[in-house]
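Quick notes on the structure that follows.
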Amino acid sequence: MENKSLIQRIFENEPTTKRLSKGDIIYHQGDKAESFYYLKRGRVRVYMTSPDGVEKTLSAASHGEILGEAAFFDKMPRVSSASALTNTELAAINENKLVSLIKENPQLALELLEIQAARIRQLSTQIDAMTFLQADGRIAQILLQSIHDEDGKQSVSLTHEEIASAVGVSRVTVSNILNDFARKGYVKTKYRKVVVTSTDALKKIAGI
């Protein structure tokens with residue numbers, strides 16, 4: 001039986017407030033955050049856009065995760081955008097709802113703090129990777145961070161372009177490195193997807 005976190009057990013029972021198709025925008029960079037979201041079904045890409053329109057993928061979220069919570073908690077404009085990678089269902093959690101849920105389940109506040117701490121650690125790791133790791137290490141790291149289970153396989157639903165954007169290299173470099181990983185048996189490349197077959201090998205490359 002699948003072990004669910006308290007957040008998943010509570011938010012899974014919240015009514016779906018957004019149903020989106022692939023490519024639909026959930027929120028825009030610069031928006032005021034009236035709520036954050038619990039992902040009930042589907043996959044979501046979180047990304048930033050530079051003033052000249054260049055997009056950088058930050059992460060990919062899957063079922064059971066929350067997104068958009070940072071701007072909700074600090075009351076500042078959103079620093080990223082989010083769009084649906086697949087057909088997606090979300091539950092929106094506003095301040096009144098969150099206060100009510102925490103009153104009923106005080107442990108929920110601690111789990112949310114743990115998620116924020118993990119987000120900060122992930123961003124710190126990404127900064128370290130951009131500073132110190134070679135391209136193959138950065139790509140291995142983004143693959144490990146983006147893994148989700150799909151039909152019993154460890155899949156990463158990011159395109160080569162999105163991986164390139166996330167790690168700061170060209171698409172050609174990503175393709176060459178993924179092909180090398182595939183030849184060595186670490187991954188299998190599919191259309192708009194990478195299946196990870198050896199997390200241990202990727203962790204070694206990423207220095208984890």
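Residue numbering restarts at 1 for every chain of the structure tokens, chains are lettered A, B, ... in their displayed order, and ligands are numbered from 1 as they appear.
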Might you pull out every residue within 9 Å of A:Arg78, with only C-alpha atoms counted and same-chain residues fewer than 2 positions away left off, and present them as a compact mmCIF listing (two decimals) with N, CA and C atoms, in the first residue's frame?
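Final file, selection.txt:
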# COMPACT_ATOMS: atom_id res chain seq x y z
N TYR A 27 -0.18 29.70 -13.46
CA TYR A 27 0.03 31.06 -12.98
C TYR A 27 1.22 31.65 -13.71
N HIS A 28 1.29 32.98 -13.71
CA HIS A 28 2.34 33.70 -14.42
C HIS A 28 3.33 34.33 -13.43
N GLN A 29 4.55 34.40 -13.85
CA GLN A 29 5.57 35.15 -13.13
C GLN A 29 5.10 36.59 -12.96
N GLY A 30 5.20 37.12 -11.73
CA GLY A 30 4.75 38.48 -11.45
C GLY A 30 3.35 38.56 -10.89
N ASP A 31 2.57 37.46 -10.98
CA ASP A 31 1.21 37.46 -10.42
C ASP A 31 1.25 37.58 -8.90
N LYS A 32 0.17 38.13 -8.34
CA LYS A 32 -0.03 38.09 -6.90
C LYS A 32 -0.53 36.70 -6.54
N ALA A 33 -0.01 36.14 -5.46
CA ALA A 33 -0.36 34.76 -5.09
C ALA A 33 -1.46 34.75 -4.04
N GLY A 68 3.79 26.77 -6.14
CA GLY A 68 3.34 28.16 -5.98
C GLY A 68 3.23 28.61 -4.54
N ALA A 70 5.74 29.47 -2.36
CA ALA A 70 6.70 30.46 -1.86
C ALA A 70 6.11 31.87 -1.89
N ALA A 71 5.55 32.28 -3.03
CA ALA A 71 4.96 33.61 -3.13
C ALA A 71 3.72 33.74 -2.25
N PHE A 72 3.01 32.64 -2.06
CA PHE A 72 1.85 32.65 -1.18
C PHE A 72 2.27 32.98 0.25
N LYS A 75 4.05 36.67 0.44
CA LYS A 75 3.18 37.77 -0.01
C LYS A 75 3.84 38.66 -1.06
N MET A 76 4.81 38.13 -1.77
CA MET A 76 5.48 38.85 -2.84
C MET A 76 5.01 38.30 -4.19
N SER A 80 8.14 32.87 -10.60
CA SER A 80 8.16 31.87 -11.67
C SER A 80 6.75 31.70 -12.22
N SER A 81 6.68 31.00 -13.35
CA SER A 81 5.41 30.61 -13.95
C SER A 81 5.28 29.10 -13.87
For this session: Would you kindly return, as a list of chain:residue names, each protein, DNA or RNA residue with an atom no farther than 6 Å from any atom of stretch 154-161 of chain A, considering only C-alpha atoms and excluding same-chain residues fewer than 4 positions away?
Result: A:Ser146, A:Ile147, A:His148, A:Asp149, A:Arg171, A:Arg192, A:Lys193, A:Val194, A:Val195, A:Val196
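The residues of stretch 118-194 of chain A that DSSP assigns to strand (DSSP E) on this backbone come out as A:His148, A:Asp149, A:Glu150, A:Lys153, A:Gln154, A:Ser155, A:Val156, A:Val187, A:Lys188, A:Thr189, A:Lys190, A:Lys193, A:Val194.
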Exercise. Could you name the residues that touch A:Ser21 at 12 Å or less, counting only C-alpha atoms, but leaving out those on the same chain fewer than 5 positions away, as a count of residues only?
Worked result: 13
For this session: Would you mind telling me which residue in A:Pro106, A:Glu114, A:Arg19, A:Ile25 lies nearest to A:Ala91 when using only C-alpha atoms?
Result: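 Smallest distance to A:Ala91 is found for A:Arg19.
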Exercise. Taking only C-alpha atoms into account, which of A:Ser100, A:Thr197, A:Gln116, A:Ser50 comes nearest A:Leu67?
Worked result: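 Residue with the minimum atom-to-atom distance to A:Leu67: A:Gln116.
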Exercise. Hey, which of A:Asn13, A:Leu20, A:Ala164, A:Lys188 ends up closest to A:Lys56? Count only C-alpha atoms.
Worked result: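 Nearest to A:Lys56: A:Ala164.
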For this session: Using DSSP on the backbone, list every residue of stretch 30-177 of chain A that comes out as helix (DSSP H, G or I), and give them as number ranges by chain.
Result: A: 69-74, 95-104, 107-132, 135-145, 160-167, 171-177
